[in-house]
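Report on the following structure.
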Amino acid sequence: MKPILVLMFGSCRPVGLNLLRKLASAATSPKYRGSHRDDGWLRCHVKPFKLALGAALLPLAAYAGATPEKVTFPSLEETNPTKLDGYLYQPAKPADGKLAIVLAHGCSGMIDTKGEIRAGIAHWAARFSEKGFVVLAVDSFNPRGHKEVCTQSNRPILESRERPRDAYGALKYLVAQPFVNKDRVFLMGFSNGATGTLYAVEADGKPHKLAVEAKIAFRAAMAFYPGCNNPNKNRLKPAIPLAIFIGADDDWTLPAPCQELIALNKSRGLDAQYFDYPGAYHGFDVPGSKVRVRTDVQMSNRPGLAAGVHVGGNDAARIAAEKDVDSYLMRFLSSGANSAEKSPVTPKP
């Protein structure tokens, strides 16, 4: 400890615990910031302490990922398009190919009760950013005057209506940026946003109407624990590669309908993948989230949810899913993948 203190404070008097507390207070005080005062106490202690404090916090900032830039762009709604908020993460070391991904949040919304980006979205954004992706996390709720829709039986923002249009609005924004390759933008949704992802890729095996109109397309899509029990799920024929990731014990969005959906589309000759994780519930990929039971969830097509559903993280399942996501994306990022896999598979009737 002594060499560190000598390095920090040089020939100044030894630093005790009380002085360290005083230093911390002075170093972070708005009164000190910007002050030109430089008496011996400040010279000897506060300034070196600020430098040391910054050095200590630097690894933490790097671990948490770069602070995103808040951007705005319109949804692709037909009339009076909503001006959406997006959180743009720029990688410190961009990957070859100018890769990008759009993240779509769940029914709890983008922002938590502390005013921060929810842990699950922040985790995936930091992880993709570290791998060189440009990340755009889209807030579909707050710009429309809602913080969440989980507890609303008549939801004003729908997975089948606003969410796909928001995803393509984000895509249109990204492909206009010089640091993004328009052919290498992926879509990843969670829960409500994952169900929106299913609708965003659904087009009876043909390019989505929004993609055709805007002359843009996602390279592939990933849906984490979507709702697959829609009565019309048999009509879903994704026009781009689709992968579903879900907890095997999910009692909110049931895994069996999702497994059936993927199996059906595989039988049609489409590029569809299914991954499930034993012992994992809804939101299993959120770090530090304890498993709990929610009894406030409302879904018109799941009246039995009044009994409650399990929600919470599972570290083993999350780590496995991260590896599966990496492997899944590698198919599209390896050398020659664009040319080899660019042509869509013609679906069987």
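Residues in the structure tokens are named by chain (A, B, ... in the order shown) and by number from 1 within that chain; ligands are numbered from 1 in the order shown.
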In region 122-323 of chain A, DSSP alpha helix (DSSP H) residues written as an MDAnalysis selection string: chainID A and resid 122:130 162:175 192:201 209:214 255:267 315:323
Strand (DSSP E or B) per DSSP on the backbone: members of region 144-346 of chain A, as a PyMOL selection string: chain A and resi 185-190+202+221-224+238+242-247+272-277+282+292-294+309-311
Go ahead and save the residues from that selection, with C-alpha atoms, as an mmCIF file, in the first residue's frame.
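Result went into out-v3.cif, see below:
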```cif
data_model
loop_
_atom_site.group_PDB
_atom_site.id
_atom_site.type_symbol
_atom_site.label_atom_id
_atom_site.label_comp_id
_atom_site.auth_asym_id
_atom_site.auth_seq_id
_atom_site.Cartn_x
_atom_site.Cartn_y
_atom_site.Cartn_z
ATOM 1 C CA VAL A 185 -27.391 -5.515 -39.891
ATOM 2 C CA PHE A 186 -29.050 -8.028 -37.549
ATOM 3 C CA LEU A 187 -32.200 -7.875 -35.427
ATOM 4 C CA MET A 188 -32.478 -9.178 -31.870
ATOM 5 C CA GLY A 189 -35.636 -8.910 -29.765
ATOM 6 C CA PHE A 190 -36.557 -9.890 -26.222
ATOM 7 C CA GLU A 202 -42.979 -12.731 -41.319
ATOM 8 C CA ALA A 221 -33.021 -12.253 -36.744
ATOM 9 C CA MET A 222 -32.808 -13.646 -33.206
ATOM 10 C CA ALA A 223 -35.788 -13.820 -30.856
ATOM 11 C CA PHE A 224 -35.292 -14.394 -27.122
ATOM 12 C CA PRO A 238 -39.690 -15.987 -42.188
ATOM 13 C CA LEU A 242 -34.491 -16.807 -37.790
ATOM 14 C CA ALA A 243 -33.326 -18.284 -34.476
ATOM 15 C CA ILE A 244 -35.333 -18.584 -31.259
ATOM 16 C CA PHE A 245 -33.696 -18.791 -27.822
ATOM 17 C CA ILE A 246 -35.912 -19.697 -24.870
ATOM 18 C CA GLY A 247 -35.853 -21.166 -21.371
ATOM 19 C CA ALA A 272 -34.852 -21.609 -38.804
ATOM 20 C CA GLN A 273 -33.059 -22.601 -35.603
ATOM 21 C CA TYR A 274 -34.261 -23.387 -32.072
ATOM 22 C CA PHE A 275 -32.282 -23.263 -28.813
ATOM 23 C CA ASP A 276 -33.651 -23.974 -25.342
ATOM 24 C CA TYR A 277 -32.046 -24.068 -21.915
ATOM 25 C CA HIS A 282 -38.367 -15.927 -18.829
ATOM 26 C CA ARG A 292 -39.282 -14.242 -8.803
ATOM 27 C CA VAL A 293 -42.982 -14.700 -9.544
ATOM 28 C CA ARG A 294 -44.919 -11.935 -11.284
ATOM 29 C CA VAL A 309 -45.193 -16.463 -14.029
ATOM 30 C CA HIS A 310 -41.535 -16.980 -13.186
ATOM 31 C CA VAL A 311 -39.025 -14.346 -14.263
#
```
Residues within 10 Å of Asp315 (chain A), only C-alpha atoms, excluding chain neighbours under 2 positions, as a ChimeraX atom specification: /A:280,284-289,312-313,317-321
At most 9 Å is the cut-off: for each residue in region 120-172 of chain A with any atom that close to an atom of region 103-112 of chain A, write down the nearest atom pair and the distance in Å rounded to one decimal, counting only C-alpha atoms, chain first then increasing number, as a tab-separated table.
```
residue	atom	partner	partner_atom	distance
A:Gly120	CA	A:His105	CA	8.7
A:Ile121	CA	A:His105	CA	6.9
A:Trp124	CA	A:Leu103	CA	8.5
A:Ala125	CA	A:Leu103	CA	7.9
A:Val135	CA	A:Leu103	CA	7.4
A:Leu136	CA	A:Leu103	CA	6.2
A:Ala137	CA	A:Leu103	CA	4.5
A:Val138	CA	A:Ala104	CA	5.8
A:Asp139	CA	A:Met110	CA	5.6
A:Ser140	CA	A:Gly109	CA	7.7
A:Phe141	CA	A:Gly109	CA	6.3
A:Asn142	CA	A:Gly109	CA	7.9
A:His146	CA	A:Gly109	CA	8.3
A:Lys147	CA	A:Gly109	CA	5.8
A:Glu148	CA	A:Ser108	CA	4.6
A:Val149	CA	A:Cys107	CA	5.2
A:Cys150	CA	A:Cys107	CA	5.0
A:Thr151	CA	A:Cys107	CA	8.7
A:Arg163	CA	A:Ala104	CA	8.1
A:Asp166	CA	A:Ala104	CA	8.8
A:Ala167	CA	A:Ala104	CA	7.3
```
Close residues, Pro81 (chain A) itself excluded, 12 Å, only C-alpha atoms, min 4 positions apart in chain, as a count of residues only: 12
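A straight line drawn from CA of Val291 (chain A) to CA of Ser160 (chain A) is 28.7 Å long.
CA of Asn181 (chain A) to CA of Ile117 (chain A) spans 26.0 Å [interatomic distance, one decimal].
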Option closest in space to Pro255 (chain A), from A:Cys228, A:Val325, A:Ile240, A:Ala100 [counting only C-alpha atoms]: A:Cys228
Distance criterion (only C-alpha atoms): nearest to Asp183 (chain A) out of A:Gly279, A:Glu159, A:Ser129, A:Leu333: A:Leu333
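Residue nearest Ala95 (chain A) within the list A:Lys172, A:Lys237, A:Lys131, A:Lys70: A:Lys131 [criterion: smallest interatomic distance, only C-alpha atoms].
Proximity ranking of A:Asn80, A:Asn192, A:Thr253, A:Ser334 relative to Asp96 (chain A) places A:Ser334 first, based on only C-alpha atoms.
Every protein, DNA or RNA residue with an atom at most 12 Å from Val175 (chain A), where only C-alpha atoms count and chain neighbours fewer than 2 positions away do not, is listed here: Lys98, Leu99, Ala100, Ile101, Val102, Val134, Leu136, Tyr168, Gly169, Ala170, Leu171, Lys172, Tyr173, Gln177, Pro178, Phe179, Val180, Asn181, Lys182, Asp183, Arg184, Val185, Phe186, Ala214, Lys215, Ile216, Ala217 and Phe218 of chain A.
Among the candidates A:Phe128, A:Glu322, A:Ala316, A:Asp250, the residue lying nearest to Lys93 (chain A) is A:Phe128 (atoms considered: only C-alpha atoms).
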Residue contacts of Ala239 (chain A) (7 Å, only C-alpha atoms) excluding same-chain residues fewer than 4 positions away, as an MDAnalysis selection string: chainID A and resid 201:203 205:207
